[in-house]
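Note sheet for the following structure.
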Amino acid sequence: MRRRTLMTGFAVGAAAVLAVAPPLAPEAKAAKDSVVIAWQVDPQTWDPNKRTVPVRQSLYKMVYDQLITQAPDIKLEASLATKWSQSADGKTVTLDIRDNAYWHDGTKVTSADVKYTFLERGKAGHKIDLVRIWRNVADIETPTPTRAVIKLSKPMATAIPWLAFLANFVVPKHHVEKVGADGFADKPMGSGPYKVVDYQRNSRIVLEAFDKYWGPKPKIRKVTVLIMKDPSARVAAVQSGRVDFAPDVPIREVARLDKMSALSGRIFPISRVILLQIRSDKAFADKNVRLAAHHAINKKAISQALYAGKAVPLSIVAPPGTPGYVADFEFPYDPAKSKALLAKSGFSTDKPLKIGMASFNGNFPGDYDIARAIVSMWKKVGIEAKLQVIEYSKYFELNRGNKLPEATLYSWDNAVGDPEMFTGYLMHPKLPFSAWKDMDVGGRVMKLFGVVDYDKRIAGYKKVAVYAASQGAVMPLLQSVTTWVHKSDLGVVQYNNGWVLPHTWSWK
Amino acid sequence: MSGEILGIVLRRIAVAIPLMLLVSILVFIVLRLIPADPVAMSMPPNATNEDIEALRREMGLHLPVMHQYAIWLGHILEGDLGRSIAFGQPVFKLIGQSLPATIELAAFGALFATAIGLPGGILLFRLRGRPSEQAVDVGSTLMMSIPEFLWALFLILVFGVAFNLLPFAGRLPPDMTIPKVTGFLLLDCLLTGDFTAFLEAIRHMLLPALALALGTVPLIMRLLRSSLLDVIGEDYVTMARLRGVPERRVVNRHALRNALLPTLSLMGVQFGFLFGGTLLVEVIYSYPGLGNLMVEAVRNTDLPIIQGAALVFALAVLTINLAVDVVYIVVNPKLRRAR
């Protein structure tokens with residue numbers, strides 16, 4: 001046989017063997033104490049105080065602890081802090097820190113770490129979002145290793161929920177000081193249920209259970225997180241059995257995969273709202289027009305068409321199960337009323353009102369489809385909306401320059417469900433996330449930022465949320481959903497804020 | 001010959017410097033013209049307008065564009081590409097960590113494209129005039145018209161799901177870890193003596209490299225066929241036939257050598273594009289390379305990374321073209337003096 005033929009034969013043979021041979025190492029878990037997760041984003045940084053991106057919080061919660069955490073029904077519960085209280089003037093928060101929590105190097109978590117996280121990191125010049133969140137911290141007293149007293153220069157009504165919210169993870173003072181802020185972003189050390197044993201940016205994270213974790217010992221001892229940003233790849237991975245759990249799977253795929261005996265699919269609402277942000281001027285300065293636009297939207301139909309009917313239609317910017325939800329208020333779908341309101345302002349299908357509308361395309365599931373459905377519904381009553389697709393980053397630039405169109409489709413995450421983080425931040429005319437600048441509604445919202453008494457604050461937000469919707473200052477659309485597909489024999493705990501926490505899971 | 005090659009390299013470098021400068025100006029200015037605010041992207045929900053303005057100033061975004069460019073260029077000359085907004089880390093470090101995976105993948109893609117394209121071109125040439133030529137021609141047109149990311153998904157569905165033969169996420173199985181030595185995984189596997197990991201790394205690379213290569217293969221095939229058709233009527237080929245050299249040998253030994261030259265030029269250009277094609281392929285296959293980093297940066301309007309990665313991509317294309325020029329000279333001695 002000639003040499004060339006031999007070499008060609010060898011090359012073809014080798015390729016065939018590589019392709020057909022079973023994996024040399026198992027692709028997914030073999031033992032019942034490990035899972036492989038297909039996750040949709042990279043953590044970008046392991047410094048959990050750095051950014052407030054909601055979708056990354058689950059990854060941080062696997063490694064770090066917050067002072068306060070949340071139960072599956074999103075009610076606040078103890079974590080590193082076993083007790084907490086806030087003074088009547090809203091300027092002092094007292095926290096009892098548990099004495100059985102350890103960092104992954106075995107040293108104890110103390111109140112000094114709390115002080116370092118919430119005060120000293122900012123003073124040391126670390127560029128972290130946490131500094132902006134807690135900009136009014138004047139001092140943190142640490143009378144004992146298990147007590148921290150946060151002193152604020154101004155009342156912060158939502159100090160307690162913020163401790164359970166985005167980026168509020170306690171970090172180890174000794175470790176961060178030793179490796180520096182940049183080093184910490186690469187060499188994470190927390191006190192959470194898992195420690196990081198391997199991390200390849202944009203590819204995978206390997207976590208191992210931490211034996212000295214203060215909470216219940218995780219039954220899942222090893223977690224491999226594959227960063228799979230493409231939804232089709234996640235679907236393929238879970239369908240082929242290469243991963244055990246995949247979140248953020250397209251709705252239609254969940255239904256298909258759920259029919260397979262080895263897989264379970266879930267679509268469930270979370271504490272995230274989809275809304276139309278409204279300008280208080282231009283064509284929407286007319287209240288009739290705003291209300292007409294809102295009455296013309298068939299939210300139930302949108303939910304059925306795009307979210308398998310699982311997305312709950314909303315009348316105010318607070319979903320069911322959150323403290324600010326108002327069960328007995330409904331803003332009805334009523335096209336006849338919409339037409340009548342438009343007629344009062346001189347508009348009809350023959351003489352339509354012309355407005356602009358902005359939407360993202362791919363920022364959250366179904367966003368552009370919702371926008372197109374609304375444009376179509378509006379057209380039927382006499383509103384002609386010119387739809388423009390914008391990038392998420394462009395939204396801020398347009399809002400900052402007061403250049404957003406009359407309506408903008410938006411999605412807002414609020415894992416803790418506090419109404420200040422919904423109506424407060426979205427309707428406060430001086431904050432960058434609000435498109436509504438009118439002071440009638442805005443002034444009512446601003447007053448609530450100073451109310452510390454919980455019951456009064458919640459009652460106030462319920463009232464203002466209903467008022468805002470009744471005035472057409474905002475058009476709440478749906479409570480958003482999240483989707484999961486996982487192996488049927490994997491017991492997964494569902495959190496109503498969408499958290500994915502494998503230390504609460506077990507194999508059946 | 002080495003003197004002539006050195007001359008080419010020096011001439012290419014002389015051209016590359018102003019070219020890179022031009023690329024840097026274009027990238028920088030175009031990015032600043034986009035009405036997007038990278039600062040507000042990284043703000044907490046309770047941020048104030050004052051917070052946003054303070055960060056804009058901190059990042060120098062309030063300065064005139066040319067002033068910003070001058071500062072950026074000054075930093076580049078000092079070896080500093082700036083800090084990523086989203087990752088909060090030096091861009092140079094992030095690119096340095098990602099680049100080896102992309103180089104490995106692109107090199108494998110190029111290898112696949114060559115390994116399939118060249119025999120494919122010869123096959124196409126041999127089939128000329130036969131009915132099967134049309135079928136292969138249609139097949140190659142189809143291959144060419146499908147973009148890399150669709151190939152990536154298609155290959156996953158066929159080899160990853162339907163037949164469940166090959167992995168399609170990351171570079172190694174979930175329970176396998178290799179200590180980083182050089183960042184080039186295959187090399188690191190060999191350096192650490194882990195042959196099983198080496199084979200697994202190749203298995204993990206098969207589908208993404210194939211997805212990258214398949215778009216380039218038809219171009220190589222077609223140009224090679226066309227070049228072979230051009231040279232097959234030349235006198236030296238006829239002479240070879242008259243000497244009684246078998247047809248297979250005539251093609252492989254005599255015609256192919258000259259027909260390869262234009263194909264080589266095309267391959268140089270295509271391999272540059274192939275490097276760019278890693279963007280979506282890396283995202284789909286969870287490959288921790290520069291393309292994946294770039295896509296992440298674009299999603300986050302992370303201007304420092306986009307700028308840095310664009311420069312690296314441009315540099316890669318220039319380097320590949322330079323390498324092709326050198327190979328061109330080595331393969332074709334006639335061109336040495338002509339240059």
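Just remember, in the structure tokens the first chain shown is A, the second B, etc., residues are 1-based per chain, and ligands are 1-based in the order shown.
With only C-alpha atoms taken into account, the protein and nucleic acid residues at most 8 Å from segment 229-235 of chain B (excluding it and anything under 3 positions from it in its own chain) are Phe125, Arg225, Ser226, Thr238, Met239, Val251, Ala255, Asn258 and Ala259 of chain B.
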Take the selection from the previous step and output its residues with N, CA and C atoms, as a PDB file, in the first residue's frame.
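Final output, saved to out.pdb:
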```pdb
ATOM      1  N   PHE B 125     -12.803  18.963 -10.105  1.00  0.00           N
ATOM      2  CA  PHE B 125     -12.099  19.023 -11.382  1.00  0.00           C
ATOM      3  C   PHE B 125     -12.204  17.686 -12.125  1.00  0.00           C
ATOM      4  N   ARG B 225     -10.713  24.250  -8.709  1.00  0.00           N
ATOM      5  CA  ARG B 225     -11.177  23.634  -9.959  1.00  0.00           C
ATOM      6  C   ARG B 225     -10.916  24.576 -11.141  1.00  0.00           C
ATOM      7  N   SER B 226     -11.296  25.835 -10.942  1.00  0.00           N
ATOM      8  CA  SER B 226     -11.145  26.813 -12.010  1.00  0.00           C
ATOM      9  C   SER B 226      -9.662  26.973 -12.394  1.00  0.00           C
ATOM     10  N   THR B 238       0.797  19.212 -21.074  1.00  0.00           N
ATOM     11  CA  THR B 238       0.705  18.384 -22.277  1.00  0.00           C
ATOM     12  C   THR B 238       1.978  17.544 -22.413  1.00  0.00           C
ATOM     13  N   MET B 239       3.129  18.196 -22.154  1.00  0.00           N
ATOM     14  CA  MET B 239       4.407  17.486 -22.227  1.00  0.00           C
ATOM     15  C   MET B 239       4.442  16.310 -21.266  1.00  0.00           C
ATOM     16  N   VAL B 251      -2.075  15.606 -12.785  1.00  0.00           N
ATOM     17  CA  VAL B 251      -2.845  16.609 -12.031  1.00  0.00           C
ATOM     18  C   VAL B 251      -2.153  16.926 -10.707  1.00  0.00           C
ATOM     19  N   ALA B 255       0.013  19.948 -12.538  1.00  0.00           N
ATOM     20  CA  ALA B 255      -0.990  21.023 -12.644  1.00  0.00           C
ATOM     21  C   ALA B 255      -1.275  21.669 -11.280  1.00  0.00           C
ATOM     22  N   ASN B 258       0.876  24.737  -9.702  1.00  0.00           N
ATOM     23  CA  ASN B 258       0.619  26.100 -10.189  1.00  0.00           C
ATOM     24  C   ASN B 258      -0.804  26.554  -9.909  1.00  0.00           C
ATOM     25  N   ALA B 259      -1.706  25.577  -9.974  1.00  0.00           N
ATOM     26  CA  ALA B 259      -3.114  25.940  -9.717  1.00  0.00           C
ATOM     27  C   ALA B 259      -3.320  26.356  -8.268  1.00  0.00           C
TER      28      ALA B 259
END
```
| message | Using only C-alpha atoms, which protein or nucleic acid residues come within 9 Å of Ile320 of chain B? Drop anything in the same chain fewer than 2 positions from it, and give the result as a PyMOL selection string. | response | chain B and resi 268-269+271-272+315-318+322-325
Keeping only all heavy atoms, write the selected residues as a compact mmCIF listing (two decimals), in the first residue's frame.
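So the final result, stored in selection_12.txt, reads:
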```
# COMPACT_ATOMS: atom_id res chain seq x y z
N GLY B 268 -5.84 32.86 2.15
CA GLY B 268 -5.35 33.90 3.06
C GLY B 268 -6.45 34.85 3.44
O GLY B 268 -6.69 35.14 4.62
N VAL B 269 -7.16 35.33 2.43
CA VAL B 269 -8.26 36.27 2.69
C VAL B 269 -9.35 35.57 3.51
O VAL B 269 -9.85 36.11 4.49
CB VAL B 269 -8.85 36.78 1.34
CG1 VAL B 269 -10.05 37.68 1.59
CG2 VAL B 269 -7.78 37.51 0.55
N PHE B 271 -9.19 32.97 5.50
CA PHE B 271 -8.83 32.64 6.88
C PHE B 271 -8.92 33.88 7.76
O PHE B 271 -9.18 33.77 8.96
CB PHE B 271 -7.44 32.00 6.94
CG PHE B 271 -7.41 30.63 6.31
CD1 PHE B 271 -6.22 30.03 5.96
CD2 PHE B 271 -8.60 29.94 6.08
CE1 PHE B 271 -6.20 28.77 5.37
CE2 PHE B 271 -8.59 28.68 5.50
CZ PHE B 271 -7.39 28.10 5.14
N GLY B 272 -8.71 35.04 7.16
CA GLY B 272 -8.93 36.29 7.90
C GLY B 272 -10.40 36.40 8.28
O GLY B 272 -10.74 36.70 9.43
N LEU B 315 -5.42 43.22 13.45
CA LEU B 315 -4.03 42.78 13.48
C LEU B 315 -3.92 41.32 13.02
O LEU B 315 -2.99 40.95 12.29
CB LEU B 315 -3.49 42.92 14.91
CG LEU B 315 -1.98 42.85 15.09
CD1 LEU B 315 -1.30 44.00 14.37
CD2 LEU B 315 -1.62 42.91 16.57
N ALA B 316 -4.89 40.51 13.43
CA ALA B 316 -4.88 39.09 13.05
C ALA B 316 -5.01 38.96 11.54
O ALA B 316 -4.29 38.16 10.92
CB ALA B 316 -6.02 38.36 13.75
N VAL B 317 -5.92 39.74 10.94
CA VAL B 317 -6.11 39.66 9.49
C VAL B 317 -4.83 40.08 8.77
O VAL B 317 -4.39 39.42 7.81
CB VAL B 317 -7.31 40.55 9.06
CG1 VAL B 317 -7.39 40.65 7.54
CG2 VAL B 317 -8.61 39.98 9.61
N LEU B 318 -4.20 41.16 9.26
CA LEU B 318 -2.95 41.61 8.63
C LEU B 318 -1.86 40.55 8.76
O LEU B 318 -1.11 40.30 7.82
CB LEU B 318 -2.48 42.91 9.29
CG LEU B 318 -3.30 44.17 8.96
CD1 LEU B 318 -2.81 45.35 9.77
CD2 LEU B 318 -3.19 44.49 7.47
N LEU B 322 0.03 38.53 5.80
CA LEU B 322 1.49 38.55 5.71
C LEU B 322 2.03 37.12 5.60
O LEU B 322 2.89 36.82 4.76
CB LEU B 322 2.08 39.24 6.95
CG LEU B 322 3.60 39.22 7.08
CD1 LEU B 322 4.24 40.00 5.94
CD2 LEU B 322 4.03 39.84 8.41
N ALA B 323 1.46 36.24 6.42
CA ALA B 323 1.90 34.84 6.39
C ALA B 323 1.63 34.23 5.02
O ALA B 323 2.47 33.50 4.48
CB ALA B 323 1.17 34.06 7.49
N VAL B 324 0.47 34.56 4.44
CA VAL B 324 0.13 34.02 3.12
C VAL B 324 1.12 34.54 2.07
O VAL B 324 1.57 33.80 1.20
CB VAL B 324 -1.32 34.40 2.76
CG1 VAL B 324 -1.62 34.07 1.30
CG2 VAL B 324 -2.29 33.65 3.65
N ASP B 325 1.46 35.81 2.18
CA ASP B 325 2.44 36.38 1.24
C ASP B 325 3.75 35.63 1.30
O ASP B 325 4.36 35.34 0.27
CB ASP B 325 2.68 37.86 1.59
CG ASP B 325 1.69 38.76 0.88
OD1 ASP B 325 0.80 38.21 0.18
OD2 ASP B 325 1.79 39.99 1.02
```
| task | Compare B:Leu185, B:Val327, B:Ala162, B:Leu157 by their minimum atom-to-atom distance to Pro100 of chain B, counting only C-alpha atoms, and give me the closest one. | result |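 When distances to Pro100 of chain B are compared using only C-alpha atoms, the smallest one comes from B:Leu185.
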Long-range neighbours of segment 379-389 of chain A as a CSV table (one decimal) with C-alpha atoms, in the first residue's frame, 8 Å cut-off, only C-alpha atoms, 3 positions minimum in chain:
```csv
chain,number,residue,atom,x,y,z
A,293,ALA,CA,-54.2,53.6,24.5
A,296,ALA,CA,-57.1,49.2,23.8
A,335,PRO,CA,-61.8,48.9,22.9
A,338,SER,CA,-60.9,53.4,24.0
A,339,LYS,CA,-62.6,54.6,20.8
A,342,LEU,CA,-60.1,59.0,21.5
A,347,PHE,CA,-59.2,61.0,16.9
A,348,SER,CA,-60.7,58.0,15.2
A,349,THR,CA,-59.7,55.2,12.8
A,350,ASP,CA,-60.3,57.6,10.0
A,351,LYS,CA,-58.3,60.3,11.6
A,352,PRO,CA,-55.8,58.4,13.7
A,353,LEU,CA,-53.5,59.8,16.4
A,354,LYS,CA,-49.9,59.4,15.3
A,355,ILE,CA,-47.3,58.6,18.0
A,356,GLY,CA,-43.9,56.9,18.4
A,357,MET,CA,-43.2,53.7,20.2
A,358,ALA,CA,-39.9,52.1,21.1
A,359,SER,CA,-39.2,48.5,21.9
A,360,PHE,CA,-36.2,46.3,22.4
A,361,ASN,CA,-35.8,43.2,20.2
A,368,TYR,CA,-40.7,42.8,20.0
A,371,ALA,CA,-44.7,45.7,20.7
A,372,ARG,CA,-46.1,44.6,17.3
A,375,VAL,CA,-49.3,48.5,17.5
A,376,SER,CA,-51.9,46.3,15.8
```
| query | Which residues come within 9 Å of segment 142-159 of chain A, counting only C-alpha atoms, excluding same-chain residues fewer than 4 positions away, as a ChimeraX atom specification? | reply | /A:81,86,89-99,109-112,114-115,118,134-138,163,418,420-421,448-454,457
Restricting the output to N, CA and C atoms, write the selected residues as a compact mmCIF listing (two decimals), in the first residue's frame.
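That gives us part.txt:
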```
# COMPACT_ATOMS: atom_id res chain seq x y z
N ALA A 81 -27.41 37.46 58.58
CA ALA A 81 -28.04 38.14 59.72
C ALA A 81 -29.18 37.28 60.24
N GLN A 86 -34.89 48.24 62.05
CA GLN A 86 -34.58 49.59 61.58
C GLN A 86 -35.23 50.59 62.52
N ASP A 89 -36.70 56.47 62.76
CA ASP A 89 -36.33 57.57 61.85
C ASP A 89 -35.68 57.06 60.56
N GLY A 90 -35.54 55.76 60.44
CA GLY A 90 -35.01 55.17 59.21
C GLY A 90 -33.52 55.35 59.01
N LYS A 91 -32.82 55.82 60.04
CA LYS A 91 -31.40 56.14 59.85
C LYS A 91 -30.45 55.13 60.52
N THR A 92 -31.01 54.16 61.22
CA THR A 92 -30.15 53.15 61.86
C THR A 92 -30.69 51.74 61.57
N VAL A 93 -29.81 50.89 61.10
CA VAL A 93 -30.19 49.49 60.85
C VAL A 93 -29.29 48.61 61.73
N THR A 94 -29.90 47.83 62.59
CA THR A 94 -29.13 46.97 63.50
C THR A 94 -29.24 45.52 63.04
N LEU A 95 -28.08 44.87 62.94
CA LEU A 95 -28.05 43.49 62.43
C LEU A 95 -27.31 42.57 63.37
N ASP A 96 -27.90 41.42 63.68
CA ASP A 96 -27.20 40.39 64.45
C ASP A 96 -26.63 39.38 63.45
N ILE A 97 -25.31 39.24 63.48
CA ILE A 97 -24.65 38.36 62.51
C ILE A 97 -24.48 36.96 63.14
N ARG A 98 -24.77 35.92 62.37
CA ARG A 98 -24.65 34.57 62.94
C ARG A 98 -23.19 34.26 63.25
N ASP A 99 -22.97 33.45 64.27
CA ASP A 99 -21.59 33.15 64.65
C ASP A 99 -21.12 31.79 64.14
N VAL A 109 -16.92 34.57 59.55
CA VAL A 109 -17.55 35.80 59.07
C VAL A 109 -17.89 36.65 60.30
N THR A 110 -17.49 37.92 60.27
CA THR A 110 -17.79 38.79 61.43
C THR A 110 -18.39 40.11 60.96
N SER A 111 -18.75 40.92 61.94
CA SER A 111 -19.32 42.23 61.61
C SER A 111 -18.29 43.12 60.91
N ALA A 112 -16.99 42.82 61.10
CA ALA A 112 -15.95 43.61 60.41
C ALA A 112 -16.09 43.43 58.89
N VAL A 114 -18.92 42.95 57.36
CA VAL A 114 -20.09 43.74 56.98
C VAL A 114 -19.68 45.20 56.82
N LYS A 115 -18.90 45.70 57.78
CA LYS A 115 -18.44 47.09 57.72
C LYS A 115 -17.57 47.30 56.48
N PHE A 118 -19.93 47.28 53.20
CA PHE A 118 -20.89 48.36 52.98
C PHE A 118 -20.31 49.77 53.20
N TRP A 134 -25.56 52.38 48.66
CA TRP A 134 -25.44 52.77 50.07
C TRP A 134 -24.69 54.09 50.20
N ARG A 135 -25.01 55.02 49.32
CA ARG A 135 -24.28 56.30 49.31
C ARG A 135 -24.48 57.09 50.61
N ASN A 136 -25.54 56.79 51.35
CA ASN A 136 -25.83 57.56 52.56
C ASN A 136 -25.36 56.90 53.85
N VAL A 137 -24.50 55.89 53.72
CA VAL A 137 -23.96 55.27 54.93
C VAL A 137 -22.92 56.22 55.54
N ALA A 138 -23.17 56.64 56.78
CA ALA A 138 -22.23 57.55 57.45
C ALA A 138 -21.19 56.75 58.22
N LEU A 163 -30.97 44.98 51.52
CA LEU A 163 -29.96 44.03 51.99
C LEU A 163 -30.15 42.64 51.37
N ASP A 418 -40.46 44.75 46.62
CA ASP A 418 -40.86 45.95 47.35
C ASP A 418 -41.41 46.99 46.36
N GLU A 420 -41.31 50.17 46.35
CA GLU A 420 -40.43 51.30 45.99
C GLU A 420 -39.59 50.93 44.77
N MET A 421 -39.18 49.64 44.72
CA MET A 421 -38.37 49.20 43.58
C MET A 421 -39.23 49.03 42.31
N LEU A 448 -43.23 59.41 49.12
CA LEU A 448 -43.15 58.08 49.75
C LEU A 448 -41.72 57.63 50.03
N PHE A 449 -40.76 58.24 49.35
CA PHE A 449 -39.36 57.86 49.60
C PHE A 449 -38.93 58.21 51.03
N GLY A 450 -39.64 59.12 51.66
CA GLY A 450 -39.27 59.49 53.03
C GLY A 450 -40.07 58.76 54.09
N VAL A 451 -41.03 57.91 53.68
CA VAL A 451 -41.88 57.22 54.66
C VAL A 451 -41.20 55.94 55.11
N VAL A 452 -40.86 55.88 56.39
CA VAL A 452 -40.14 54.71 56.90
C VAL A 452 -41.09 53.64 57.42
N ASP A 453 -42.19 54.07 58.01
CA ASP A 453 -43.16 53.10 58.56
C ASP A 453 -43.64 52.17 57.44
N TYR A 454 -43.41 50.87 57.64
CA TYR A 454 -43.65 49.89 56.58
C TYR A 454 -45.10 49.90 56.11
N ARG A 457 -46.05 53.02 54.30
CA ARG A 457 -45.34 53.08 53.01
C ARG A 457 -46.03 52.18 51.98
```
| query | Of the residues A:Asn402, A:Ser434, A:Thr117, A:Ser34, which is the one nearest to Trp507 of chain A, using only C-alpha atoms? | reply |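 Under the stated criterion, the closest residue is A:Ser34.
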| field | From A:Asp230, A:Asp248, A:Asp33, A:Asp73, residue lying nearest Phe364 of chain A [only C-alpha atoms] | value | A:Asp248
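The nearest approach to chain A among the residues B:Gly109, B:Gly215, B:Gly160, B:Gly96, with only C-alpha atoms taken into account, belongs to B:Gly160.
Residues in contact with Gln200 of chain A at 7 Å, where only C-alpha atoms are counted and same-chain residues fewer than 4 positions away are skipped, are listed as Arg204 and Ile205 of chain A; Pro288 of chain B.
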